[in-house]
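The next block is my_file.cif, given as mmCIF, C-alpha atoms (C1' of nucleotides).
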```cif
data_target
loop_
_atom_site.label_atom_id
_atom_site.label_comp_id
_atom_site.auth_asym_id
_atom_site.auth_seq_id
_atom_site.Cartn_x
_atom_site.Cartn_y
_atom_site.Cartn_z
CA MET A 959 67.01 135.33 97.73
CA ILE A 960 69.52 137.94 96.70
CA ASP A 961 69.78 139.63 100.10
CA SER A 962 70.79 136.47 101.82
CA GLN A 963 73.48 135.73 99.26
CA ILE A 964 75.01 139.15 99.66
CA GLU A 965 74.78 139.00 103.42
CA ASP A 966 76.47 135.61 103.44
CA ILE A 967 79.43 136.81 101.41
CA PHE A 968 79.72 139.89 103.55
CA ILE A 969 79.49 138.04 106.84
CA GLN A 970 81.91 135.35 105.82
CA THR A 971 84.47 137.85 104.62
CA ALA A 972 84.23 139.77 107.87
CA GLY A 973 84.76 136.55 109.79
CA GLU A 974 87.90 135.79 107.82
CA LEU A 975 89.23 139.29 108.36
CA ALA A 976 88.57 139.06 112.07
CA GLU A 977 90.41 135.75 112.30
CA SER A 978 93.30 137.16 110.33
CA VAL A 979 93.81 139.81 113.00
CA SER A 980 93.48 137.32 115.86
CA LEU A 981 89.95 138.19 116.77
CA ASN A 982 87.29 135.61 117.19
CA ARG A 983 85.57 134.80 113.91
CA MET A 984 82.10 135.16 115.41
CA VAL A 985 82.89 138.63 116.62
CA GLY A 986 83.59 139.66 113.02
CA GLN A 987 80.52 137.91 111.74
CA LEU A 988 78.20 139.37 114.37
CA TYR A 989 79.45 142.86 113.71
CA ALA A 990 79.11 142.38 109.96
CA LEU A 991 75.56 141.12 110.28
CA LEU A 992 74.54 144.17 112.27
CA TYR A 993 76.51 146.44 109.97
CA ILE A 994 74.60 145.45 106.81
CA ARG A 995 71.21 145.37 108.49
CA PRO A 996 69.47 148.72 108.75
CA GLU A 997 67.27 147.48 111.61
CA PRO A 998 68.25 146.14 115.06
CA VAL A 999 68.57 142.36 115.34
CA SER A 1000 67.84 140.15 118.31
CA LEU A 1001 70.26 137.69 119.85
CA ASN A 1002 68.26 134.69 118.70
CA LYS A 1003 67.99 135.96 115.16
CA MET A 1004 71.75 136.43 115.05
CA ALA A 1005 72.44 132.96 116.42
CA GLU A 1006 70.02 131.50 113.91
CA LYS A 1007 71.43 133.40 110.94
CA LEU A 1008 75.06 132.58 111.78
CA LYS A 1009 74.19 129.05 112.85
CA ILE A 1010 75.89 129.35 116.21
CA SER A 1011 74.66 128.56 119.71
CA LYS A 1012 72.93 131.31 121.63
CA GLY A 1013 75.60 130.94 124.30
CA SER A 1014 78.27 131.93 121.82
CA ALA A 1015 76.16 134.73 120.44
CA SER A 1016 75.72 136.03 123.98
CA VAL A 1017 79.39 136.14 124.97
CA ASN A 1018 80.62 137.48 121.66
CA ILE A 1019 78.04 140.20 121.37
CA ARG A 1020 79.03 141.34 124.84
CA ALA A 1021 82.67 141.52 123.79
CA LEU A 1022 81.57 143.79 120.95
CA GLU A 1023 79.59 145.83 123.42
CA THR A 1024 82.59 146.44 125.67
CA TRP A 1025 84.43 147.82 122.64
CA ASN A 1026 81.45 150.08 121.78
CA ALA A 1027 81.24 148.28 118.45
CA VAL A 1028 77.58 147.44 118.93
CA LYS A 1029 74.94 148.75 121.24
CA LYS A 1030 71.75 147.43 122.73
CA VAL A 1031 68.59 149.15 121.63
CA TRP A 1032 65.32 148.99 123.45
CA ILE A 1033 62.32 148.00 121.42
CA GLN A 1034 58.94 148.72 122.88
CA GLY A 1035 56.85 145.73 123.74
CA SER A 1036 59.64 143.18 123.27
CA ARG A 1037 61.51 141.38 125.97
CA LYS A 1038 64.38 140.56 123.64
CA ASP A 1039 67.69 142.40 123.45
CA PHE A 1040 68.22 144.01 120.08
CA TYR A 1041 71.53 145.30 118.81
CA THR A 1042 72.81 147.69 116.18
CA ALA A 1043 76.31 148.29 114.85
CA GLU A 1044 78.31 151.42 115.49
CA PRO A 1045 78.89 152.34 111.85
CA ASP A 1046 82.07 154.37 112.32
CA ILE A 1047 84.61 151.59 111.90
CA LEU A 1048 87.57 153.95 111.81
CA LYS A 1049 86.62 155.32 115.21
CA LEU A 1050 86.46 151.80 116.62
CA VAL A 1051 89.84 150.85 115.21
CA LEU A 1052 91.48 154.03 116.45
CA GLU A 1053 90.07 153.52 119.92
CA ARG A 1054 91.42 149.97 120.05
CA LEU A 1055 94.82 151.01 118.76
CA ASP A 1056 95.08 153.79 121.27
CA TYR A 1057 94.06 151.54 124.12
CA GLY A 1058 96.40 148.73 123.09
CA PHE A 1059 99.46 150.87 122.51
CA THR A 1060 98.94 152.92 125.64
CA ARG A 1061 98.82 149.83 127.81
CA ARG A 1062 101.84 148.26 126.16
CA ILE A 1063 103.95 151.37 126.31
CA ALA A 1064 103.14 151.71 130.01
CA LEU A 1065 104.26 148.14 130.61
CA SER A 1066 107.48 148.53 128.71
CA LYS A 1067 108.29 151.82 130.41
CA ALA A 1068 107.90 150.20 133.80
CA LYS A 1069 110.33 147.48 132.80
CA MET A 1070 112.80 149.97 131.46
CA ASP A 1071 112.69 151.90 134.72
CA LEU A 1072 113.53 148.69 136.49
CA ILE A 1073 116.51 148.14 134.22
CA TYR A 1074 117.73 151.69 134.79
CA SER A 1075 117.54 151.23 138.52
CA ILE A 1076 119.66 148.10 138.26
CA LEU A 1077 122.22 149.85 136.09
CA ASN A 1078 122.45 152.81 138.44
CA SER A 1079 122.63 150.79 141.62
CA LYS A 1080 125.84 149.22 140.38
CA ASN A 1081 127.32 152.29 138.75
CA GLU A 1082 127.37 150.24 135.59
CA LYS A 1083 128.50 151.88 132.40
CA ALA A 1084 126.95 149.22 130.16
CA SER A 1085 126.93 151.62 127.30
CA PHE A 1086 125.34 149.29 124.76
CA TYR A 1087 122.35 148.70 126.99
CA LYS A 1088 121.98 152.42 127.43
CA GLU A 1089 122.11 152.98 123.70
CA ARG A 1090 119.33 150.49 123.10
CA LEU A 1091 117.21 151.85 125.93
CA LYS A 1092 117.55 155.31 124.51
CA GLN A 1093 116.43 154.10 121.09
CA LEU A 1094 113.39 152.47 122.64
CA GLU A 1095 112.48 155.62 124.52
CA GLU A 1096 112.61 157.60 121.33
CA LEU A 1097 110.33 155.07 119.70
CA GLN A 1098 107.91 155.28 122.62
CA ASN A 1099 107.81 159.06 122.41
CA LEU A 1100 107.19 158.92 118.72
CA VAL A 1101 104.35 156.45 119.09
CA GLU A 1102 102.77 158.44 121.91
CA THR A 1103 102.85 161.63 119.91
CA PHE A 1104 101.50 159.77 116.92
CA LEU A 1105 98.61 158.37 118.95
CA LYS A 1106 97.60 161.85 120.01
CA PHE A 1107 97.43 163.00 116.47
CA LEU A 1108 95.84 159.86 115.03
CA PRO A 1109 92.22 160.82 115.79
CA LYS A 1110 92.56 163.72 113.38
CA VAL A 1111 93.22 161.39 110.50
CA ARG A 1112 89.59 161.10 109.53
CA SER A 1113 89.42 162.41 106.03
CA LEU A 1114 91.35 162.33 102.80
CA LYS A 1115 91.37 166.11 102.95
CA ASN A 1116 93.32 166.07 106.18
CA LEU A 1117 95.73 163.51 104.81
CA LYS A 1118 96.40 165.69 101.82
CA LYS A 1119 97.15 168.62 104.06
CA ILE A 1120 99.60 166.44 105.88
CA ALA A 1121 101.23 165.19 102.72
CA SER A 1122 101.79 168.79 101.67
CA VAL A 1123 104.05 169.56 104.63
CA LEU A 1124 106.20 166.45 104.53
CA MET B 276 125.97 138.89 137.01
CA ILE B 277 124.29 142.16 136.27
CA ASP B 278 124.18 141.71 132.51
CA SER B 279 122.26 138.52 132.73
CA GLN B 280 119.69 140.02 135.07
CA ILE B 281 119.06 142.92 132.74
CA GLU B 282 118.91 140.69 129.72
CA ASP B 283 116.42 138.41 131.43
CA ILE B 284 114.05 141.26 132.23
CA PHE B 285 114.40 142.62 128.74
CA ILE B 286 113.86 139.29 127.04
CA GLN B 287 110.92 138.32 129.16
CA THR B 288 109.20 141.65 128.62
CA ALA B 289 109.65 141.34 124.87
CA GLY B 290 108.17 137.86 124.99
CA GLU B 291 105.11 139.16 126.81
CA LEU B 292 104.70 142.01 124.36
CA ALA B 293 104.98 139.60 121.43
CA GLU B 294 102.33 137.33 122.90
CA SER B 295 100.07 140.27 123.56
CA VAL B 296 100.04 141.08 119.86
CA SER B 297 99.49 137.43 118.87
CA LEU B 298 103.04 136.72 117.89
CA ASN B 299 104.88 133.72 119.14
CA ARG B 300 106.58 134.42 122.46
CA MET B 301 109.88 132.97 121.27
CA VAL B 302 109.93 135.29 118.31
CA GLY B 303 109.83 138.25 120.66
CA GLN B 304 112.44 136.77 122.93
CA LEU B 305 114.82 135.88 120.13
CA TYR B 306 114.57 139.34 118.67
CA ALA B 307 115.08 140.93 122.08
CA LEU B 308 118.15 138.81 122.76
CA LEU B 309 119.76 139.88 119.52
CA TYR B 310 118.64 143.46 120.05
CA ILE B 311 120.47 143.88 123.37
CA ARG B 312 123.58 142.02 122.27
CA PRO B 313 126.12 144.08 120.35
CA GLU B 314 127.65 140.97 118.81
CA PRO B 315 126.09 138.28 116.60
CA VAL B 316 124.77 135.20 118.41
CA SER B 317 124.64 131.61 117.20
CA LEU B 318 121.54 129.47 117.07
CA ASN B 319 122.79 127.18 119.82
CA LYS B 320 123.66 130.07 122.12
CA MET B 321 120.19 131.49 121.65
CA ALA B 322 118.50 128.17 122.36
CA GLU B 323 120.66 127.73 125.42
CA LYS B 324 120.05 131.25 126.75
CA LEU B 325 116.29 131.09 126.23
CA LYS B 326 116.10 127.46 127.33
CA ILE B 327 114.27 126.32 124.24
CA SER B 328 114.94 123.46 121.85
CA LYS B 329 117.16 124.13 118.90
CA GLY B 330 114.28 123.08 116.65
CA SER B 331 112.16 125.92 117.98
CA ALA B 332 115.04 128.33 117.75
CA SER B 333 115.50 127.31 114.13
CA VAL B 334 111.92 127.83 112.97
CA ASN B 335 111.40 131.03 114.90
CA ILE B 336 114.61 132.66 113.84
CA ARG B 337 113.66 131.93 110.25
CA ALA B 338 110.30 133.61 110.75
CA LEU B 339 112.18 136.67 111.97
CA GLU B 340 114.42 136.42 108.93
CA THR B 341 111.51 136.47 106.50
CA TRP B 342 110.36 139.72 108.14
CA ASN B 343 113.85 141.18 107.86
CA ALA B 344 113.89 141.53 111.62
CA VAL B 345 117.13 139.64 111.95
CA LYS B 346 119.83 138.72 109.53
CA LYS B 347 122.40 136.02 109.25
CA VAL B 348 126.00 137.12 109.46
CA TRP B 349 128.93 135.13 108.28
CA ILE B 350 131.71 134.67 110.76
CA GLN B 351 135.03 133.54 109.39
CA GLY B 352 136.19 130.15 110.47
CA SER B 353 132.91 129.11 112.08
CA ARG B 354 130.42 126.65 110.71
CA LYS B 355 127.64 128.10 112.83
CA ASP B 356 124.97 130.54 111.71
CA PHE B 357 125.14 133.81 113.58
CA TYR B 358 122.41 136.41 113.69
CA THR B 359 122.02 140.09 114.47
CA ALA B 360 118.92 142.19 114.98
CA GLU B 361 117.76 144.88 112.59
CA PRO B 362 117.74 147.76 115.09
CA ASP B 363 115.16 149.96 113.35
CA ILE B 364 112.03 148.62 115.02
CA LEU B 365 109.81 151.32 113.60
CA LYS B 366 110.79 150.30 110.07
CA LEU B 367 109.91 146.70 110.84
CA VAL B 368 106.54 147.59 112.28
CA LEU B 369 105.67 149.87 109.39
CA GLU B 370 106.61 147.19 106.87
CA ARG B 371 104.41 144.64 108.60
CA LEU B 372 101.50 147.07 108.86
CA ASP B 373 101.77 147.96 105.22
CA TYR B 374 101.95 144.34 104.17
CA GLY B 375 99.06 143.27 106.37
CA PHE B 376 96.71 146.07 105.44
CA THR B 377 97.51 145.87 101.76
CA ARG B 378 96.65 142.18 101.65
CA ARG B 379 93.46 142.60 103.63
CA ILE B 380 92.24 145.54 101.63
CA ALA B 381 92.81 143.58 98.42
CA LEU B 382 90.77 140.69 99.78
CA SER B 383 87.91 142.86 100.90
CA LYS B 384 87.84 144.76 97.62
CA ALA B 385 87.55 141.51 95.72
CA LYS B 386 84.59 140.49 97.83
CA MET B 387 82.97 143.87 97.38
CA ASP B 388 83.33 143.58 93.62
CA LEU B 389 81.55 140.27 93.82
CA ILE B 390 78.71 141.84 95.76
CA TYR B 391 78.41 144.68 93.25
CA SER B 392 78.22 142.21 90.39
CA ILE B 393 75.38 140.40 92.14
CA LEU B 394 73.52 143.66 92.76
CA ASN B 395 73.91 144.78 89.17
CA SER B 396 72.96 141.47 87.63
CA LYS B 397 69.54 141.78 89.22
CA ASN B 398 69.10 145.51 88.80
CA GLU B 399 68.76 145.63 92.55
CA LYS B 400 68.39 148.96 94.21
CA ALA B 401 69.27 147.65 97.68
CA SER B 402 70.15 151.11 98.78
CA PHE B 403 71.24 150.23 102.29
CA TYR B 404 73.79 147.77 101.00
CA LYS B 405 75.11 150.39 98.64
CA GLU B 406 75.39 152.91 101.42
CA ARG B 407 77.45 150.53 103.53
CA LEU B 408 79.63 149.52 100.60
CA LYS B 409 80.29 153.15 99.88
CA GLN B 410 81.33 153.77 103.46
CA LEU B 411 83.70 150.85 103.31
CA GLU B 412 85.26 152.09 100.11
CA GLU B 413 85.88 155.45 101.69
CA LEU B 414 87.56 153.74 104.61
CA GLN B 415 89.72 151.70 102.25
CA ASN B 416 90.80 154.79 100.39
CA LEU B 417 91.63 156.55 103.58
CA VAL B 418 93.70 153.66 104.84
CA GLU B 419 95.53 153.30 101.53
CA THR B 420 96.43 156.96 101.48
CA PHE B 421 97.45 156.75 105.09
CA LEU B 422 99.73 153.80 104.40
CA LYS B 423 101.51 155.73 101.69
CA PHE B 424 102.24 158.55 104.04
CA LEU B 425 103.08 156.42 107.07
CA PRO B 426 106.76 155.86 106.17
CA LYS B 427 107.35 159.58 106.59
CA VAL B 428 106.37 159.43 110.23
CA ARG B 429 109.86 158.82 111.45
CA SER B 430 110.62 161.74 113.68
CA LEU B 431 108.99 163.91 116.25
CA LYS B 432 109.91 166.86 114.09
CA ASN B 433 107.76 165.57 111.25
CA LEU B 434 104.89 164.86 113.59
CA LYS B 435 105.04 168.40 114.89
CA LYS B 436 104.89 169.73 111.37
CA ILE B 437 101.82 167.61 110.83
CA ALA B 438 100.17 168.72 114.04
CA SER B 439 100.64 172.30 112.96
CA VAL B 440 98.41 171.95 109.89
CA LEU B 441 95.55 170.05 111.46
"C1'" DT C 1424 135.70 106.89 104.89
"C1'" DT C 1425 134.07 107.92 109.35
"C1'" DA C 1426 132.80 110.88 112.98
"C1'" DT C 1427 131.36 115.27 114.44
"C1'" DA C 1428 129.02 119.53 114.36
"C1'" DC C 1429 125.74 121.74 112.96
"C1'" DG C 1430 120.59 123.18 110.98
"C1'" DT C 1431 115.95 121.24 109.59
"C1'" DT C 1432 111.98 118.38 109.65
"C1'" DT C 1433 108.67 115.51 111.83
"C1'" DA C 1434 105.78 113.06 115.14
"C1'" DT C 1435 103.68 113.75 119.16
"C1'" DA C 1436 102.78 115.54 123.70
"C1'" DA C 1437 101.25 119.57 126.26
"C1'" DC C 1438 98.52 123.31 126.29
"C1'" DA C 1439 95.09 126.81 124.87
"C1'" DT C 1440 90.99 128.22 122.47
"C1'" DT C 1441 86.49 127.77 120.64
"C1'" DC C 1442 82.03 126.02 120.54
"C1'" DT C 1443 78.09 123.72 122.02
"C1'" DA C 1444 74.41 121.73 124.76
"C1'" DA C 1445 72.43 121.76 128.88
"C1'" DA C 1446 71.69 123.68 133.31
"C1'" DC C 1447 70.62 127.85 135.40
"C1'" DA C 1448 68.68 132.51 136.44
"C1'" DT C 1449 65.48 136.15 135.60
"C1'" DT C 1450 61.48 138.38 133.95
"C1'" DC C 1451 56.90 138.73 132.82
"C1'" DA C 1452 52.24 137.16 131.43
"C1'" DA C 1453 48.46 134.44 132.56
"C1'" DT D 1075 52.09 130.59 141.45
"C1'" DT D 1076 53.29 128.54 137.27
"C1'" DG D 1077 55.39 128.34 132.91
"C1'" DA D 1078 57.13 130.40 128.78
"C1'" DA D 1079 60.60 133.31 126.88
"C1'" DT D 1080 64.55 135.02 127.23
"C1'" DG D 1081 69.89 135.81 128.39
"C1'" DT D 1082 74.00 133.77 131.04
"C1'" DT D 1083 77.06 130.40 132.85
"C1'" DT D 1084 79.36 126.09 132.79
"C1'" DA D 1085 81.36 121.51 131.71
"C1'" DG D 1086 83.33 119.18 128.39
"C1'" DA D 1087 84.19 117.92 123.43
"C1'" DA D 1088 86.45 119.34 119.33
"C1'" DT D 1089 89.85 121.81 117.31
"C1'" DG D 1090 93.97 124.48 116.89
"C1'" DT D 1091 98.62 125.99 118.47
"C1'" DT D 1092 103.14 125.51 120.44
"C1'" DA D 1093 107.21 123.09 121.98
"C1'" DT D 1094 110.00 119.29 122.26
"C1'" DA D 1095 112.91 115.31 121.31
"C1'" DA D 1096 114.49 112.52 118.08
"C1'" DA D 1097 115.36 111.41 113.41
"C1'" DC D 1098 117.29 113.20 109.50
"C1'" DG D 1099 120.37 115.58 106.11
"C1'" DT D 1100 124.56 117.88 105.01
"C1'" DA D 1101 129.01 119.63 105.25
"C1'" DT D 1102 133.64 119.38 107.10
"C1'" DA D 1103 137.60 117.78 109.55
"C1'" DA D 1104 140.45 114.06 110.57
#
```

What is this structure when it is put down as C-alpha cells?
Amino acid sequence: MIDSQIEDIFIQTAGELAESVSLNRMVGQLYALLYIRPEPVSLNKMAEKLKISKGSASVNIRALETWNAVKKVWIQGSRKDFYTAEPDILKLVLERLDYGFTRRIALSKAKMDLIYSILNSKNEKASFYKERLKQLEELQNLVETFLKFLPKVRSLKNLKKIASVL
Amino acid sequence: MIDSQIEDIFIQTAGELAESVSLNRMVGQLYALLYIRPEPVSLNKMAEKLKISKGSASVNIRALETWNAVKKVWIQGSRKDFYTAEPDILKLVLERLDYGFTRRIALSKAKMDLIYSILNSKNEKASFYKERLKQLEELQNLVETFLKFLPKVRSLKNLKKIASVL
DNA sequence: TTATACGTTTATAACATTCTAAACATTCAA
DNA sequence: TTGAATGTTTAGAATGTTATAAACGTATAA
C-alpha cells in the first residue's frame, strides 16, 4: 500500500535526523509518525507500526510530551491514550534552543564569576585571562540578545526585512 | 599557583559544556586549554595537563583541527607539534551550524523528492501528505535563508538594527 | 647505524546508552 | 470481586562510545 511506503520513508528519515543531532532515534520516529497522520494515534498502534516495545514507546512519547512536541488527546469511549504532533516544528526547535543556551550561559557565567573572584582576591593582573574572559562575555551578550530576537524569525518576509538593513 | 587553579576551572567547565552538546569532553578541554594560553602548547604538554593519554590527545586535537578550531604552529628548532586556538568562537559555531544544517537539509530534500515521485507515479491525491510536505519545504527555505544571513550576526550593533525593523 | 623523541594506530577494557520482556500498577467492565 | 486492557517501571542483554596502553612508524641526532 502506497501510504505505508511513504510513511516508512518519512519515519526512517526522521529517525536518522534525530540520531544525527544526538536525540534518540525513536523520538524522531514517533514524532514523524504523528506528524504525517492526520488523526491521533494510540501508544499500542505506534509501538506496532515502529516495531518497538510498548515500554520504549511509553518513555519516548513522554519525552516528546515534556518538550510540547506531542500532546495527549482524549477520545470519547476509549481507555487508550492517543497522541497528536505539534505541527509547528520551528516553534519547537526555537524553544529547545532557547532553553539549552539559557541554561548553558548561566552555568558558564557562574564559573566566570568564580574565576573573577579568584583573580581579585589575589590582586592578580593576569591580563591574558582577563582578555579571554572579556571576549567570552561579549559572546554571551550577543547570544542572549540573539535569543530574544530569534522568535521573530518566523517568516521569509521578516528575514528579508532583516537582510535589507544589514 | 593561581594560574593553575583558574585554568582548571576553565578547562573543566569547557569539558562539561562540550559534553552537554554531545561533543567529546576532551575536545572541549583541549580547546579551552589552548584558548586560555597565550602561547602554543605541545601535544605532550596538553596530555600531561589534562591527564589523558597521548593517543587521545592526538585524535581529539585532530578533530579540532578539521573544524579549524585549533591550528598547528611551527616552532623553530623543535620537533614537537604545537597548537593554538582559533579565538573567534562565534565563527567556529556558525561554521558548524551552517555545515550541519546544510547537510541535513540536503538529505531531507532528497527523501522528500522520493516521496513526491511515489505520489505522482500513482496519481495519488494524498492531500494530507502534501500539506505536511509543503510545510516542511517552507521550513527548509526559511532555515536556508536564515543560514545565509547568520554570518552577519556578529555584533550587538547589527542585532539592534535588526530588532528595529521587526 | 642505532637510539631517541615524537605522533598515530590498534586492540581491548571500562563505561554509557538503548531496547526489550516481564513484572507491576491502575482502571474499568462484567 | 475478578479479569481484561491498558500504561509504567525495572532488570538485564545487546549495542555503542570513549579512553588507554602498547605497538608501530618515522624522522633526527649522535

Next item on the list: I would like the residues chosen by the PyMOL selection byres ((chain B and resi 324-339) around 9) on the shown file; could you give them as number ranges by chain?
Entry: B: 283, 286, 299, 301-302, 304-306, 308, 318-323, 340-346, 358; C: 1430-1432; D: 1093-1095

Next item on the list: Please determine the contact residues of chain C with respect to chain A at a cut-off of 9 Å, counting all atoms listed in the file, and supply them as an NGL selection string.
Entry: :C and (1441-1444 or 1450-1451)

Checklist line | Selection result of the PyMOL selection byres ((chain B and resi 369) around 12) on this file, as a PyMOL selection string | finding: (chain A and resi 1101) or (chain B and resi 342+344+363-368+370-377+421-429)

Notebook entry, point to check: What does the distance between CA of Ala360 (chain B) and CA of Gln1093 (chain A) come to in Å, to one decimal place?
Noted result: 13.6 Å

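From CA of Phe968 (chain A) back to CA of Ser392 (chain B), the distance works out to 13.4 Å.
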
Next item on the list: Would you kindly translate the PyMOL selection byres ((chain D) within 8 of (chain A)) into the concrete residues it picks from this file, as a ChimeraX atom specification?
Entry: /D:1080-1082

Take the residues from that selection and put them in a file with C-alpha atoms (C1' of nucleotides), as a short mmCIF file (atom, residue, chain, number, x, y, z; two decimals), in the frame of the given file.
```cif
data_model
loop_
_atom_site.label_atom_id
_atom_site.label_comp_id
_atom_site.auth_asym_id
_atom_site.auth_seq_id
_atom_site.Cartn_x
_atom_site.Cartn_y
_atom_site.Cartn_z
"C1'" DT D 1080 64.55 135.02 127.23
"C1'" DG D 1081 69.89 135.81 128.39
"C1'" DT D 1082 74.00 133.77 131.04
#
```

Note to self: Report as a PyMOL selection string all protein, DNA and RNA residues lying within 10 Å of DT1427 (chain C), evaluated on only C-alpha atoms (C1' of nucleotides), omitting residues in the same chain fewer than 5 positions from it.
What the structure shows: chain D and resi 1102-1104

Check: Please, what distance in Å, to one decimal, runs between CA of Thr359 (chain B) and CA of Pro313 (chain B)?
Finding: 8.2 Å

Counting only C-alpha atoms, give me one row per residue of chain B with an atom at most 9 Å from an atom of chain A, showing the shortest contact pair and its distance in Å to one decimal, sorted by chain then residue number, as JSON lines.
```
{"residue": "B:Ile277", "atom": "CA", "partner": "A:Ile1076", "partner_atom": "CA", "distance": 7.8}
{"residue": "B:Asp278", "atom": "CA", "partner": "A:Ala1084", "partner_atom": "CA", "distance": 8.3}
{"residue": "B:Gln280", "atom": "CA", "partner": "A:Ile1076", "partner_atom": "CA", "distance": 8.7}
{"residue": "B:Ile281", "atom": "CA", "partner": "A:Ile1073", "partner_atom": "CA", "distance": 6.0}
{"residue": "B:Ile284", "atom": "CA", "partner": "A:Lys1069", "partner_atom": "CA", "distance": 7.3}
{"residue": "B:Phe285", "atom": "CA", "partner": "A:Lys1069", "partner_atom": "CA", "distance": 7.5}
{"residue": "B:Thr288", "atom": "CA", "partner": "A:Ser1066", "partner_atom": "CA", "distance": 7.1}
{"residue": "B:Ala289", "atom": "CA", "partner": "A:Ser1066", "partner_atom": "CA", "distance": 8.4}
{"residue": "B:Leu292", "atom": "CA", "partner": "A:Arg1062", "partner_atom": "CA", "distance": 7.1}
{"residue": "B:Ser295", "atom": "CA", "partner": "A:Arg1062", "partner_atom": "CA", "distance": 8.6}
{"residue": "B:Val296", "atom": "CA", "partner": "A:Ser980", "partner_atom": "CA", "distance": 8.6}
{"residue": "B:Ser297", "atom": "CA", "partner": "A:Ser980", "partner_atom": "CA", "distance": 6.7}
{"residue": "B:Tyr310", "atom": "CA", "partner": "A:Arg1090", "partner_atom": "CA", "distance": 7.7}
{"residue": "B:Ile311", "atom": "CA", "partner": "A:Tyr1087", "partner_atom": "CA", "distance": 6.3}
{"residue": "B:Arg312", "atom": "CA", "partner": "A:Phe1086", "partner_atom": "CA", "distance": 7.9}
{"residue": "B:Pro313", "atom": "CA", "partner": "A:Phe1086", "partner_atom": "CA", "distance": 6.9}
{"residue": "B:Pro362", "atom": "CA", "partner": "A:Arg1090", "partner_atom": "CA", "distance": 8.6}
{"residue": "B:Asp363", "atom": "CA", "partner": "A:Gln1093", "partner_atom": "CA", "distance": 8.9}
{"residue": "B:Ile364", "atom": "CA", "partner": "A:Leu1097", "partner_atom": "CA", "distance": 8.1}
{"residue": "B:Leu365", "atom": "CA", "partner": "A:Leu1097", "partner_atom": "CA", "distance": 7.2}
{"residue": "B:Arg379", "atom": "CA", "partner": "A:Leu975", "partner_atom": "CA", "distance": 7.2}
{"residue": "B:Leu382", "atom": "CA", "partner": "A:Thr971", "partner_atom": "CA", "distance": 8.4}
{"residue": "B:Ser383", "atom": "CA", "partner": "A:Thr971", "partner_atom": "CA", "distance": 7.1}
{"residue": "B:Lys386", "atom": "CA", "partner": "A:Ile967", "partner_atom": "CA", "distance": 7.3}
{"residue": "B:Met387", "atom": "CA", "partner": "A:Phe968", "partner_atom": "CA", "distance": 8.0}
{"residue": "B:Leu389", "atom": "CA", "partner": "A:Ile967", "partner_atom": "CA", "distance": 8.6}
{"residue": "B:Ile390", "atom": "CA", "partner": "A:Ile964", "partner_atom": "CA", "distance": 6.0}
{"residue": "B:Ile393", "atom": "CA", "partner": "A:Ile964", "partner_atom": "CA", "distance": 7.6}
{"residue": "B:Leu394", "atom": "CA", "partner": "A:Ile960", "partner_atom": "CA", "distance": 8.0}
{"residue": "B:Lys397", "atom": "CA", "partner": "A:Ile960", "partner_atom": "CA", "distance": 8.4}
{"residue": "B:Glu399", "atom": "CA", "partner": "A:Ile960", "partner_atom": "CA", "distance": 8.8}
{"residue": "B:Ala401", "atom": "CA", "partner": "A:Asp961", "partner_atom": "CA", "distance": 8.4}
{"residue": "B:Phe403", "atom": "CA", "partner": "A:Pro996", "partner_atom": "CA", "distance": 6.9}
{"residue": "B:Tyr404", "atom": "CA", "partner": "A:Ile994", "partner_atom": "CA", "distance": 6.3}
{"residue": "B:Arg407", "atom": "CA", "partner": "A:Ile994", "partner_atom": "CA", "distance": 6.7}
{"residue": "B:Leu408", "atom": "CA", "partner": "A:Ile994", "partner_atom": "CA", "distance": 9.0}
{"residue": "B:Gln410", "atom": "CA", "partner": "A:Pro1045", "partner_atom": "CA", "distance": 8.9}
{"residue": "B:Leu411", "atom": "CA", "partner": "A:Ile1047", "partner_atom": "CA", "distance": 8.7}
{"residue": "B:Glu413", "atom": "CA", "partner": "A:Leu1114", "partner_atom": "CA", "distance": 8.9}
{"residue": "B:Leu414", "atom": "CA", "partner": "A:Leu1048", "partner_atom": "CA", "distance": 7.2}
{"residue": "B:Asn416", "atom": "CA", "partner": "A:Leu1114", "partner_atom": "CA", "distance": 7.9}
{"residue": "B:Leu417", "atom": "CA", "partner": "A:Leu1114", "partner_atom": "CA", "distance": 5.8}
{"residue": "B:Thr420", "atom": "CA", "partner": "A:Leu1117", "partner_atom": "CA", "distance": 7.4}
{"residue": "B:Phe421", "atom": "CA", "partner": "A:Leu1117", "partner_atom": "CA", "distance": 7.0}
{"residue": "B:Phe424", "atom": "CA", "partner": "A:Ala1121", "partner_atom": "CA", "distance": 6.8}
{"residue": "B:Lys427", "atom": "CA", "partner": "A:Leu1124", "partner_atom": "CA", "distance": 7.3}
{"residue": "B:Val428", "atom": "CA", "partner": "A:Phe1104", "partner_atom": "CA", "distance": 8.3}
{"residue": "B:Arg429", "atom": "CA", "partner": "A:Leu1100", "partner_atom": "CA", "distance": 7.7}
{"residue": "B:Ser430", "atom": "CA", "partner": "A:Leu1100", "partner_atom": "CA", "distance": 6.7}
{"residue": "B:Leu431", "atom": "CA", "partner": "A:Leu1100", "partner_atom": "CA", "distance": 5.9}
{"residue": "B:Asn433", "atom": "CA", "partner": "A:Leu1124", "partner_atom": "CA", "distance": 7.0}
{"residue": "B:Leu434", "atom": "CA", "partner": "A:Phe1104", "partner_atom": "CA", "distance": 7.0}
{"residue": "B:Lys435", "atom": "CA", "partner": "A:Thr1103", "partner_atom": "CA", "distance": 8.7}
{"residue": "B:Lys436", "atom": "CA", "partner": "A:Val1123", "partner_atom": "CA", "distance": 6.8}
{"residue": "B:Ile437", "atom": "CA", "partner": "A:Ile1120", "partner_atom": "CA", "distance": 5.5}
{"residue": "B:Ala438", "atom": "CA", "partner": "A:Phe1107", "partner_atom": "CA", "distance": 6.8}
{"residue": "B:Val440", "atom": "CA", "partner": "A:Lys1119", "partner_atom": "CA", "distance": 6.8}
{"residue": "B:Leu441", "atom": "CA", "partner": "A:Asn1116", "partner_atom": "CA", "distance": 7.0}
```

Check: What lies within 10 Å of DA1096 (chain D) using all atoms listed in the file, ignoring chain neighbours under 2 positions off, as a ChimeraX atom specification?
Finding: /C:1433-1434 /D:1094,1098

Next item on the list: Pick out the residues sitting within 12 Å of DG1090 (chain D), and hand them over as a VMD selection string; count only C-alpha atoms (C1' of nucleotides), and ignore anything fewer than 6 positions along from it in its own chain.
Entry: chain C and resid 1438 to 1441
